[in-house]
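Q: Below you'll find target-v8.pdb; it's PDB, C-alpha atoms, pLDDT in the B column.
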MODEL        1
ATOM      1  CA  LEU A 509     141.949  -9.285  48.366  1.00 40.00           C
ATOM      2  CA  LEU A 510     140.629  -5.737  47.959  1.00 45.00           C
ATOM      3  CA  ALA A 511     138.615  -6.708  44.897  1.00 46.00           C
ATOM      4  CA  ALA A 512     136.845  -9.447  46.785  1.00 42.00           C
ATOM      5  CA  ALA A 513     136.059  -7.100  49.668  1.00 43.00           C
ATOM      6  CA  LEU A 514     134.672  -4.387  47.405  1.00 48.00           C
ATOM      7  CA  PHE A 515     132.741  -6.632  45.052  1.00 47.00           C
ATOM      8  CA  PRO A 516     131.064  -9.652  46.693  1.00 47.00           C
ATOM      9  CA  ALA A 517     130.767 -12.630  44.407  1.00 50.00           C
ATOM     10  CA  ILE A 518     127.664 -12.680  42.212  1.00 54.00           C
ATOM     11  CA  PRO A 519     125.634 -15.912  42.588  1.00 50.00           C
ATOM     12  CA  LEU A 520     126.558 -18.094  39.637  1.00 52.00           C
ATOM     13  CA  ALA A 521     125.061 -21.174  38.054  1.00 51.00           C
ATOM     14  CA  GLY A 522     128.308 -22.984  37.278  1.00 61.00           C
ATOM     15  CA  GLN A 523     131.179 -21.504  35.302  1.00 85.00           C
ATOM     16  CA  GLN A 524     130.567 -18.268  33.394  1.00 94.00           C
ATOM     17  CA  VAL A 525     132.574 -16.325  30.842  1.00 97.00           C
ATOM     18  CA  LEU A 526     132.577 -12.520  30.834  1.00 98.00           C
ATOM     19  CA  SER A 527     133.469 -11.209  27.384  1.00 98.00           C
ATOM     20  CA  VAL A 528     135.188  -7.813  27.331  1.00 98.00           C
ATOM     21  CA  PHE A 529     135.914  -5.981  24.067  1.00 98.00           C
ATOM     22  CA  ALA A 530     138.675  -3.434  24.779  1.00 98.00           C
ATOM     23  CA  ALA A 531     140.878  -1.050  22.817  1.00 96.00           C
ATOM     24  CA  ALA A 532     144.311  -2.492  22.067  1.00 93.00           C
ATOM     25  CA  SER A 533     146.071   0.167  24.157  1.00 94.00           C
ATOM     26  CA  LEU A 534     144.350  -1.247  27.268  1.00 96.00           C
ATOM     27  CA  THR A 535     145.981  -4.681  26.971  1.00 95.00           C
ATOM     28  CA  GLU A 536     148.274  -4.721  30.002  1.00 94.00           C
ATOM     29  CA  ALA A 537     145.931  -2.752  32.257  1.00 96.00           C
ATOM     30  CA  PHE A 538     142.857  -4.829  31.443  1.00 98.00           C
ATOM     31  CA  ASN A 539     144.795  -8.078  31.735  1.00 97.00           C
ATOM     32  CA  ALA A 540     145.502  -7.070  35.341  1.00 97.00           C
ATOM     33  CA  ILE A 541     141.939  -5.895  35.979  1.00 98.00           C
ATOM     34  CA  GLY A 542     140.613  -9.114  34.476  1.00 98.00           C
ATOM     35  CA  ARG A 543     142.710 -11.185  36.883  1.00 98.00           C
ATOM     36  CA  ALA A 544     141.470  -9.097  39.823  1.00 97.00           C
ATOM     37  CA  PHE A 545     137.881  -9.605  38.708  1.00 98.00           C
ATOM     38  CA  GLU A 546     138.330 -13.362  38.438  1.00 97.00           C
ATOM     39  CA  GLN A 547     139.766 -13.474  41.954  1.00 96.00           C
ATOM     40  CA  ALA A 548     136.779 -11.509  43.236  1.00 95.00           C
ATOM     41  CA  HIS A 549     134.279 -13.726  41.385  1.00 96.00           C
ATOM     42  CA  PRO A 550     135.209 -17.408  41.598  1.00 95.00           C
ATOM     43  CA  GLY A 551     133.674 -19.278  38.709  1.00 95.00           C
ATOM     44  CA  VAL A 552     133.991 -16.382  36.258  1.00 97.00           C
ATOM     45  CA  THR A 553     136.538 -16.338  33.448  1.00 97.00           C
ATOM     46  CA  VAL A 554     137.214 -12.968  31.824  1.00 98.00           C
ATOM     47  CA  ARG A 555     137.748 -13.311  28.090  1.00 98.00           C
ATOM     48  CA  LEU A 556     139.415 -10.209  26.675  1.00 98.00           C
ATOM     49  CA  ASN A 557     139.268  -9.286  22.998  1.00 97.00           C
ATOM     50  CA  TYR A 558     141.677  -6.483  22.065  1.00 97.00           C
ATOM     51  CA  SER A 559     141.653  -4.556  18.798  1.00 95.00           C
ATOM     52  CA  GLY A 560     141.210  -1.087  17.394  1.00 94.00           C
ATOM     53  CA  SER A 561     138.053   0.555  18.725  1.00 95.00           C
ATOM     54  CA  GLN A 562     136.629   0.790  15.207  1.00 95.00           C
ATOM     55  CA  VAL A 563     137.084  -2.973  14.757  1.00 96.00           C
ATOM     56  CA  LEU A 564     135.391  -3.772  18.061  1.00 97.00           C
ATOM     57  CA  ALA A 565     132.376  -1.561  17.359  1.00 97.00           C
ATOM     58  CA  THR A 566     132.016  -3.034  13.884  1.00 96.00           C
ATOM     59  CA  GLN A 567     132.254  -6.576  15.250  1.00 97.00           C
ATOM     60  CA  LEU A 568     129.400  -5.840  17.660  1.00 97.00           C
ATOM     61  CA  GLU A 569     127.358  -4.317  14.860  1.00 96.00           C
ATOM     62  CA  GLN A 570     127.874  -7.474  12.803  1.00 97.00           C
ATOM     63  CA  GLY A 571     126.597  -9.695  15.609  1.00 96.00           C
ATOM     64  CA  ALA A 572     129.615 -10.533  17.746  1.00 96.00           C
ATOM     65  CA  LYS A 573     128.684 -11.263  21.363  1.00 96.00           C
ATOM     66  CA  ALA A 574     130.229  -9.347  24.239  1.00 97.00           C
ATOM     67  CA  ASP A 575     129.297  -8.092  27.689  1.00 98.00           C
ATOM     68  CA  VAL A 576     131.495  -4.991  28.028  1.00 98.00           C
ATOM     69  CA  LEU A 577     132.865  -2.491  25.504  1.00 98.00           C
ATOM     70  CA  ALA A 578     135.791  -0.173  26.322  1.00 98.00           C
ATOM     71  CA  THR A 579     136.990   2.142  23.554  1.00 98.00           C
ATOM     72  CA  ALA A 580     139.802   4.670  23.205  1.00 96.00           C
ATOM     73  CA  ASP A 581     137.563   7.537  22.156  1.00 95.00           C
ATOM     74  CA  GLN A 582     134.000   8.766  22.438  1.00 95.00           C
ATOM     75  CA  ARG A 583     133.373   8.516  18.691  1.00 95.00           C
ATOM     76  CA  TRP A 584     133.249   4.709  18.523  1.00 97.00           C
ATOM     77  CA  MET A 585     131.312   4.413  21.771  1.00 98.00           C
ATOM     78  CA  GLN A 586     128.752   6.808  20.286  1.00 97.00           C
ATOM     79  CA  TYR A 587     128.759   4.686  17.128  1.00 97.00           C
ATOM     80  CA  ALA A 588     127.761   1.690  19.252  1.00 97.00           C
ATOM     81  CA  ARG A 589     125.118   3.717  21.108  1.00 97.00           C
ATOM     82  CA  ASP A 590     123.592   5.032  17.874  1.00 97.00           C
ATOM     83  CA  ARG A 591     123.130   1.431  16.730  1.00 96.00           C
ATOM     84  CA  ARG A 592     121.490   0.401  20.025  1.00 97.00           C
ATOM     85  CA  LEU A 593     124.370  -1.918  20.900  1.00 97.00           C
ATOM     86  CA  LEU A 594     124.722  -0.672  24.493  1.00 98.00           C
ATOM     87  CA  ALA A 595     122.740  -1.550  27.606  1.00 96.00           C
ATOM     88  CA  SER A 596     123.979   1.326  29.762  1.00 87.00           C
ATOM     89  CA  ASP A 597     125.358   4.843  29.614  1.00 94.00           C
ATOM     90  CA  ALA A 598     129.103   4.998  29.022  1.00 97.00           C
ATOM     91  CA  ALA A 599     131.433   6.203  31.777  1.00 97.00           C
ATOM     92  CA  THR A 600     134.862   7.698  31.121  1.00 97.00           C
ATOM     93  CA  PHE A 601     137.367   5.679  33.148  1.00 98.00           C
ATOM     94  CA  ALA A 602     140.805   6.849  31.957  1.00 97.00           C
ATOM     95  CA  ARG A 603     142.687   9.296  29.776  1.00 97.00           C
ATOM     96  CA  ASN A 604     145.893   9.033  27.767  1.00 97.00           C
ATOM     97  CA  ARG A 605     148.343  11.255  25.919  1.00 96.00           C
ATOM     98  CA  LEU A 606     150.394  10.995  22.750  1.00 97.00           C
ATOM     99  CA  VAL A 607     154.149  10.684  22.258  1.00 97.00           C
ATOM    100  CA  VAL A 608     156.387  10.333  19.222  1.00 98.00           C
ATOM    101  CA  VAL A 609     158.239   7.008  19.175  1.00 97.00           C
ATOM    102  CA  ILE A 610     161.602   6.684  17.442  1.00 97.00           C
ATOM    103  CA  PRO A 611     163.907   3.681  17.001  1.00 96.00           C
ATOM    104  CA  ARG A 612     166.797   3.902  19.445  1.00 94.00           C
ATOM    105  CA  ALA A 613     169.240   3.943  16.486  1.00 95.00           C
ATOM    106  CA  ASN A 614     167.314   6.959  15.135  1.00 96.00           C
ATOM    107  CA  PRO A 615     167.837   6.308  11.412  1.00 95.00           C
ATOM    108  CA  GLY A 616     165.686   9.331  10.516  1.00 96.00           C
ATOM    109  CA  TYR A 617     167.669  11.701  12.759  1.00 97.00           C
ATOM    110  CA  VAL A 618     164.521  12.871  14.553  1.00 97.00           C
ATOM    111  CA  GLU A 619     165.571  15.205  17.361  1.00 97.00           C
ATOM    112  CA  LYS A 620     162.562  17.536  17.520  1.00 98.00           C
ATOM    113  CA  LEU A 621     158.963  17.551  16.342  1.00 98.00           C
ATOM    114  CA  GLN A 622     159.803  19.714  13.326  1.00 98.00           C
ATOM    115  CA  ASP A 623     161.940  16.863  11.981  1.00 98.00           C
ATOM    116  CA  LEU A 624     158.803  14.845  11.272  1.00 98.00           C
ATOM    117  CA  ALA A 625     158.250  17.092   8.243  1.00 98.00           C
ATOM    118  CA  ARG A 626     161.689  16.406   6.728  1.00 97.00           C
ATOM    119  CA  PRO A 627     161.258  15.036   3.176  1.00 96.00           C
ATOM    120  CA  GLY A 628     162.046  11.347   2.936  1.00 95.00           C
ATOM    121  CA  LEU A 629     161.320  10.526   6.582  1.00 97.00           C
ATOM    122  CA  LYS A 630     159.351   7.278   6.988  1.00 98.00           C
ATOM    123  CA  LEU A 631     156.377   7.867   9.300  1.00 98.00           C
ATOM    124  CA  VAL A 632     153.824   5.341  10.552  1.00 98.00           C
ATOM    125  CA  LEU A 633     150.487   6.234  12.169  1.00 98.00           C
ATOM    126  CA  ALA A 634     147.317   4.434  13.127  1.00 96.00           C
ATOM    127  CA  GLY A 635     144.667   4.823  10.429  1.00 96.00           C
ATOM    128  CA  ALA A 636     142.485   7.919  10.523  1.00 95.00           C
ATOM    129  CA  GLN A 637     139.483   5.829  11.634  1.00 94.00           C
ATOM    130  CA  VAL A 638     141.449   4.476  14.622  1.00 95.00           C
ATOM    131  CA  PRO A 639     141.216   6.648  17.772  1.00 95.00           C
ATOM    132  CA  ALA A 640     145.005   6.983  18.033  1.00 95.00           C
ATOM    133  CA  GLY A 641     145.172   7.907  14.359  1.00 96.00           C
ATOM    134  CA  GLY A 642     142.538  10.583  14.797  1.00 96.00           C
ATOM    135  CA  TYR A 643     144.257  12.022  17.852  1.00 97.00           C
ATOM    136  CA  SER A 644     147.615  11.977  16.023  1.00 98.00           C
ATOM    137  CA  ARG A 645     146.262  13.951  13.108  1.00 98.00           C
ATOM    138  CA  GLU A 646     144.587  16.417  15.474  1.00 98.00           C
ATOM    139  CA  SER A 647     147.927  16.941  17.215  1.00 98.00           C
ATOM    140  CA  LEU A 648     149.631  17.693  13.903  1.00 98.00           C
ATOM    141  CA  ARG A 649     146.852  20.169  13.012  1.00 98.00           C
ATOM    142  CA  ARG A 650     147.301  21.936  16.345  1.00 98.00           C
ATOM    143  CA  LEU A 651     150.988  22.399  15.537  1.00 98.00           C
ATOM    144  CA  ASN A 652     150.195  24.270  12.303  1.00 98.00           C
ATOM    145  CA  GLY A 653     151.542  27.799  12.750  1.00 97.00           C
ATOM    146  CA  ALA A 654     152.768  27.198  16.292  1.00 97.00           C
ATOM    147  CA  PRO A 655     156.049  28.961  17.149  1.00 97.00           C
ATOM    148  CA  GLY A 656     158.739  27.331  15.016  1.00 97.00           C
ATOM    149  CA  PHE A 657     156.253  25.386  12.866  1.00 98.00           C
ATOM    150  CA  PRO A 658     155.000  26.193   9.347  1.00 97.00           C
ATOM    151  CA  ALA A 659     151.283  26.755   8.730  1.00 98.00           C
ATOM    152  CA  THR A 660     151.142  23.546   6.678  1.00 98.00           C
ATOM    153  CA  PHE A 661     153.061  21.370   9.136  1.00 98.00           C
ATOM    154  CA  ASP A 662     150.436  18.614   9.208  1.00 98.00           C
ATOM    155  CA  ARG A 663     150.415  18.271   5.420  1.00 98.00           C
ATOM    156  CA  GLN A 664     154.198  18.139   5.281  1.00 98.00           C
ATOM    157  CA  VAL A 665     154.313  15.442   7.966  1.00 98.00           C
ATOM    158  CA  LEU A 666     151.524  13.358   6.419  1.00 98.00           C
ATOM    159  CA  SER A 667     153.328  13.401   3.076  1.00 98.00           C
ATOM    160  CA  ASN A 668     155.905  11.172   4.829  1.00 98.00           C
ATOM    161  CA  LEU A 669     153.300   8.588   5.835  1.00 98.00           C
ATOM    162  CA  VAL A 670     154.376   5.135   4.639  1.00 97.00           C
ATOM    163  CA  SER A 671     151.940   2.946   6.593  1.00 96.00           C
ATOM    164  CA  GLU A 672     148.590   3.239   8.386  1.00 97.00           C
ATOM    165  CA  GLU A 673     147.981   0.594  11.058  1.00 96.00           C
ATOM    166  CA  GLU A 674     144.763  -0.977  12.366  1.00 93.00           C
ATOM    167  CA  ASN A 675     145.641  -0.228  15.987  1.00 92.00           C
ATOM    168  CA  VAL A 676     148.182   1.758  17.949  1.00 93.00           C
ATOM    169  CA  ARG A 677     150.099  -1.291  19.197  1.00 91.00           C
ATOM    170  CA  ALA A 678     150.974  -2.081  15.590  1.00 94.00           C
ATOM    171  CA  VAL A 679     152.455   1.413  15.225  1.00 96.00           C
ATOM    172  CA  VAL A 680     154.814   0.809  18.148  1.00 95.00           C
ATOM    173  CA  ALA A 681     155.732  -2.645  16.851  1.00 93.00           C
ATOM    174  CA  LYS A 682     156.616  -1.320  13.404  1.00 95.00           C
ATOM    175  CA  VAL A 683     158.823   1.433  14.817  1.00 96.00           C
ATOM    176  CA  ARG A 684     160.463  -0.987  17.262  1.00 93.00           C
ATOM    177  CA  LEU A 685     161.318  -3.296  14.338  1.00 92.00           C
ATOM    178  CA  ARG A 686     162.717  -0.296  12.402  1.00 91.00           C
ATOM    179  CA  GLY A 687     160.012  -0.456   9.766  1.00 93.00           C
ATOM    180  CA  ALA A 688     159.671   3.320  10.129  1.00 97.00           C
ATOM    181  CA  ASP A 689     161.749   6.276  11.316  1.00 98.00           C
ATOM    182  CA  ALA A 690     159.033   7.540  13.654  1.00 98.00           C
ATOM    183  CA  GLY A 691     155.449   7.002  14.742  1.00 98.00           C
ATOM    184  CA  ILE A 692     152.878   8.532  17.077  1.00 98.00           C
ATOM    185  CA  ALA A 693     151.391   6.380  19.831  1.00 96.00           C
ATOM    186  CA  TYR A 694     149.969   6.608  23.319  1.00 95.00           C
ATOM    187  CA  ALA A 695     152.454   7.060  26.140  1.00 93.00           C
ATOM    188  CA  THR A 696     151.091   3.881  27.748  1.00 93.00           C
ATOM    189  CA  ASP A 697     152.025   1.799  24.698  1.00 90.00           C
ATOM    190  CA  VAL A 698     155.739   2.188  25.330  1.00 86.00           C
ATOM    191  CA  GLY A 699     156.302  -0.444  27.969  1.00 74.00           C
ATOM    192  CA  ALA A 700     159.412  -1.575  29.803  1.00 64.00           C
ATOM    193  CA  ARG A 701     160.255  -4.070  27.055  1.00 71.00           C
ATOM    194  CA  ASP A 702     160.303  -1.215  24.525  1.00 75.00           C
ATOM    195  CA  ARG A 703     162.641   1.097  26.410  1.00 75.00           C
ATOM    196  CA  ASP A 704     165.821  -0.483  25.037  1.00 84.00           C
ATOM    197  CA  ALA A 705     164.556  -0.243  21.462  1.00 90.00           C
ATOM    198  CA  LEU A 706     162.719   3.085  21.411  1.00 95.00           C
ATOM    199  CA  THR A 707     163.263   6.746  22.216  1.00 94.00           C
ATOM    200  CA  ILE A 708     160.363   8.991  23.223  1.00 95.00           C
ATOM    201  CA  LEU A 709     159.816  12.537  21.989  1.00 97.00           C
ATOM    202  CA  GLU A 710     157.221  14.414  24.038  1.00 96.00           C
ATOM    203  CA  ILE A 711     154.434  16.478  22.486  1.00 97.00           C
ATOM    204  CA  PRO A 712     153.750  19.642  24.548  1.00 96.00           C
ATOM    205  CA  ASP A 713     150.385  19.813  26.303  1.00 95.00           C
ATOM    206  CA  PRO A 714     148.775  22.574  24.166  1.00 95.00           C
ATOM    207  CA  TYR A 715     149.279  20.401  21.067  1.00 98.00           C
ATOM    208  CA  ASN A 716     148.542  17.046  22.685  1.00 97.00           C
ATOM    209  CA  PRO A 717     144.853  16.050  22.514  1.00 95.00           C
ATOM    210  CA  ILE A 718     143.960  13.940  25.511  1.00 94.00           C
ATOM    211  CA  ALA A 719     142.414  10.582  24.647  1.00 95.00           C
ATOM    212  CA  GLU A 720     139.296   9.696  26.641  1.00 96.00           C
ATOM    213  CA  TYR A 721     138.377   6.055  27.313  1.00 98.00           C
ATOM    214  CA  PRO A 722     134.676   5.254  27.896  1.00 98.00           C
ATOM    215  CA  ILE A 723     133.244   1.899  29.028  1.00 98.00           C
ATOM    216  CA  ALA A 724     129.701   0.513  28.896  1.00 98.00           C
ATOM    217  CA  ALA A 725     127.702  -2.694  29.191  1.00 98.00           C
ATOM    218  CA  VAL A 726     126.698  -4.249  25.877  1.00 98.00           C
ATOM    219  CA  ALA A 727     123.066  -4.925  25.003  1.00 97.00           C
ATOM    220  CA  ASP A 728     121.973  -8.556  25.282  1.00 93.00           C
ATOM    221  CA  GLY A 729     125.028  -9.318  27.425  1.00 95.00           C
ATOM    222  CA  GLN A 730     125.318 -10.478  31.019  1.00 96.00           C
ATOM    223  CA  ARG A 731     124.248  -7.200  32.597  1.00 96.00           C
ATOM    224  CA  ALA A 732     125.039  -7.972  36.258  1.00 96.00           C
ATOM    225  CA  LEU A 733     128.520  -9.292  35.499  1.00 97.00           C
ATOM    226  CA  ALA A 734     129.196  -6.435  33.061  1.00 97.00           C
ATOM    227  CA  GLU A 735     128.221  -3.803  35.615  1.00 97.00           C
ATOM    228  CA  ALA A 736     130.364  -5.502  38.271  1.00 97.00           C
ATOM    229  CA  PHE A 737     133.371  -5.403  35.929  1.00 98.00           C
ATOM    230  CA  ILE A 738     132.733  -1.749  35.095  1.00 98.00           C
ATOM    231  CA  ALA A 739     132.455  -0.978  38.808  1.00 97.00           C
ATOM    232  CA  LEU A 740     135.876  -2.518  39.368  1.00 98.00           C
ATOM    233  CA  VAL A 741     137.397  -0.473  36.528  1.00 98.00           C
ATOM    234  CA  LEU A 742     135.983   2.717  38.068  1.00 97.00           C
ATOM    235  CA  ALA A 743     136.874   1.811  41.663  1.00 96.00           C
ATOM    236  CA  PRO A 744     140.153   2.823  43.353  1.00 96.00           C
ATOM    237  CA  GLU A 745     141.651  -0.625  42.738  1.00 96.00           C
ATOM    238  CA  GLY A 746     140.944  -0.550  39.021  1.00 97.00           C
ATOM    239  CA  GLN A 747     142.107   3.057  38.780  1.00 96.00           C
ATOM    240  CA  ALA A 748     145.350   2.116  40.529  1.00 97.00           C
ATOM    241  CA  LEU A 749     145.962  -0.711  38.050  1.00 97.00           C
ATOM    242  CA  LEU A 750     145.434   1.742  35.193  1.00 97.00           C
ATOM    243  CA  ALA A 751     147.681   4.367  36.807  1.00 96.00           C
ATOM    244  CA  THR A 752     150.567   1.921  37.253  1.00 94.00           C
ATOM    245  CA  ARG A 753     150.483   1.411  33.477  1.00 93.00           C
ATOM    246  CA  GLY A 754     150.629   5.143  32.782  1.00 93.00           C
ATOM    247  CA  PHE A 755     146.982   6.057  32.254  1.00 96.00           C
ATOM    248  CA  LEU A 756     145.758   9.413  33.510  1.00 95.00           C
ATOM    249  CA  PRO A 757     142.777   9.581  35.871  1.00 93.00           C
ATOM    250  CA  ALA A 758     139.422  10.075  34.216  1.00 87.00           C
ATOM    251  CA  ALA A 759     138.803  13.413  35.941  1.00 75.00           C
ATOM    252  CA  SER A 760     142.125  15.181  35.384  1.00 52.00           C
ATOM    253  CA  ARG A 761     144.357  16.521  32.651  1.00 43.00           C
ATOM    254  CA  PRO A 762     148.175  16.648  32.712  1.00 41.00           C
TER     255      PRO A 762
ENDMDL
END
In structure tokens, what does this structure look like?
A:
Amino acid sequence: LLAAALFPAIPLAGQQVLSVFAAASLTEAFNAIGRAFEQAHPGVTVRLNYSGSQVLATQLEQGAKADVLATADQRWMQYARDRRLLASDAATFARNRLVVVIPRANPGYVEKLQDLARPGLKLVLAGAQVPAGGYSRESLRRLNGAPGFPATFDRQVLSNLVSEEENVRAVVAKVRLRGADAGIAYATDVGARDRDALTILEIPDPYNPIAEYPIAAVADGQRALAEAFIALVLAPEGQALLATRGFLPAASRP
């Protein structure tokens, strides 16, 4: 396998577990990367803990043990760095973009972005402290006063907010189950199983803040294994596994 060729097995004393804390939006991609890492390192089991980046950073601060941290924005990685929770500099390994997700039945009659401001629409977003929630609110602010949009567009849209979720996957789930008329999520969170239940409304590039995903080794973790995992994420094989799940390369913008 390519992973085995690129990353020779690290000498191990029996079975070892590599603990990776990763943003919820990375689930499918990191599941695949974790399997590739295990194949390249016999005797290692990759244990993946997915949640909102703010939850992961707080868990580490409260004493949770991990070897690798991968967040969906720079803010929570910096939070971990400021608290001396990291053993290495963070490297940006992927980027992502936002889309509006709508139930296929479209009960809110959302045909264009301006419809998100219609009174009575039920909107769901990730919480403001969640990376996806922060990016979503930034996107709405960028649309203020854009051609065809009122100067207070973000306030009008946020007045329709009926639920704030702990991570972006919960936003997609709620819209898919018709618990809301619309939501804002990452493009990568709308998988093949969602296509029959959801419709996507694109957000134009000038108004679409690009999410940056950094990764770093955690202090007091298994440094050699952590750095080997990070190397795989940054290598062509890891980048290909991310790209097949819709992530943008770390060094480019759409």
Q: Using only C-alpha atoms, tabulate the residues of region 642-689 of chain A lying at most 6 Å from any atom of region 613-636 of chain A, each with its closest atom pair and that distance in Å to one decimal, by chain and increasing residue number, as a Markdown table.
A:
| residue | atom | partner | partner_atom | distance |
| --- | --- | --- | --- | --- |
| A:Gly642 | CA | A:Ala636 | CA | 5.0 |
| A:Gln664 | CA | A:Ala625 | CA | 5.1 |
| A:Val665 | CA | A:Ala625 | CA | 4.3 |
| A:Asn668 | CA | A:Leu631 | CA | 5.6 |
| A:Leu669 | CA | A:Leu631 | CA | 4.7 |
| A:Val670 | CA | A:Leu631 | CA | 5.8 |
| A:Ser671 | CA | A:Val632 | CA | 5.0 |
| A:Glu672 | CA | A:Gly635 | CA | 4.7 |
| A:Glu673 | CA | A:Ala634 | CA | 4.4 |
| A:Asn675 | CA | A:Ala634 | CA | 5.7 |
| A:Val676 | CA | A:Ala634 | CA | 5.6 |
| A:Ala688 | CA | A:Lys630 | CA | 5.1 |
| A:Asp689 | CA | A:Gly616 | CA | 5.0 |
Q: In Å to one decimal, how far is CA of Gln637 (chain A) from CA of Ala734 (chain A)?
A: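 Atom-to-atom, CA of Ala734 (chain A) to CA of Gln637 (chain A), that is 26.7 Å.
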Q: If you count all atoms listed in the file, which residues fall within 12 Å of Ala748 (chain A), apart from same-chain ones fewer than 2 positions away, as a list in words?
A: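 Within the cut-off, the hits are Leu510, Ala511, Ala537, Phe538, Ala540, Ile541, Ala544, Phe601, Ala602, Leu740, Val741, Leu742, Ala743, Pro744, Glu745, Gly746, Leu750, Ala751, Thr752, Arg753, Gly754, Phe755, Leu756, Pro757 and Ala758 of chain A.
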Q: Find the residues around region 595-597 of chain A up to 12 Å (only C-alpha atoms counted), leave out those fewer than 4 positions away in its own chain, and share them as a list of chain:residue names.
A: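 Selected residues are A:Ala574, A:Asp575, A:Val576, A:Leu577, A:Gln582, A:Met585, A:Gln586, A:Ala588, A:Arg589, A:Asp590, A:Arg591, A:Pro722, A:Ile723, A:Ala724, A:Ala725, A:Val726, A:Ala727, A:Asp728, A:Gly729, A:Gln730, A:Arg731, A:Ala732, A:Ala734, A:Glu735, A:Ile738.
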Q: Those same residues, written as a PDB file, keeping the file's coordinate frame with C-alpha atoms?
A:
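Below you can see result32.pdb, which holds the result:
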ATOM      1  CA  ALA A 574     130.229  -9.347  24.239  1.00 97.00           C
ATOM      2  CA  ASP A 575     129.297  -8.092  27.689  1.00 98.00           C
ATOM      3  CA  VAL A 576     131.495  -4.991  28.028  1.00 98.00           C
ATOM      4  CA  LEU A 577     132.865  -2.491  25.504  1.00 98.00           C
ATOM      5  CA  GLN A 582     134.000   8.766  22.438  1.00 95.00           C
ATOM      6  CA  MET A 585     131.312   4.413  21.771  1.00 98.00           C
ATOM      7  CA  GLN A 586     128.752   6.808  20.286  1.00 97.00           C
ATOM      8  CA  ALA A 588     127.761   1.690  19.252  1.00 97.00           C
ATOM      9  CA  ARG A 589     125.118   3.717  21.108  1.00 97.00           C
ATOM     10  CA  ASP A 590     123.592   5.032  17.874  1.00 97.00           C
ATOM     11  CA  ARG A 591     123.130   1.431  16.730  1.00 96.00           C
ATOM     12  CA  PRO A 722     134.676   5.254  27.896  1.00 98.00           C
ATOM     13  CA  ILE A 723     133.244   1.899  29.028  1.00 98.00           C
ATOM     14  CA  ALA A 724     129.701   0.513  28.896  1.00 98.00           C
ATOM     15  CA  ALA A 725     127.702  -2.694  29.191  1.00 98.00           C
ATOM     16  CA  VAL A 726     126.698  -4.249  25.877  1.00 98.00           C
ATOM     17  CA  ALA A 727     123.066  -4.925  25.003  1.00 97.00           C
ATOM     18  CA  ASP A 728     121.973  -8.556  25.282  1.00 93.00           C
ATOM     19  CA  GLY A 729     125.028  -9.318  27.425  1.00 95.00           C
ATOM     20  CA  GLN A 730     125.318 -10.478  31.019  1.00 96.00           C
ATOM     21  CA  ARG A 731     124.248  -7.200  32.597  1.00 96.00           C
ATOM     22  CA  ALA A 732     125.039  -7.972  36.258  1.00 96.00           C
ATOM     23  CA  ALA A 734     129.196  -6.435  33.061  1.00 97.00           C
ATOM     24  CA  GLU A 735     128.221  -3.803  35.615  1.00 97.00           C
ATOM     25  CA  ILE A 738     132.733  -1.749  35.095  1.00 98.00           C
TER      26      ILE A 738
END
Q: Could you please determine the separation between CA of Ala565 (chain A) and CA of Asn539 (chain A) in Å, to one decimal place?
A: 20.1 Å
Q: Need the shell around region 710-719 of chain A: protein/DNA/RNA residues with any atom at most 10 Å away, counting all atoms listed in the file. Skip same-chain ones fewer than 3 positions apart. Format as a ChimeraX atom specification?
A: /A:580-582,602-609,620-621,639-640,642-652,654,692,694-695,707,722,755-756,761-762
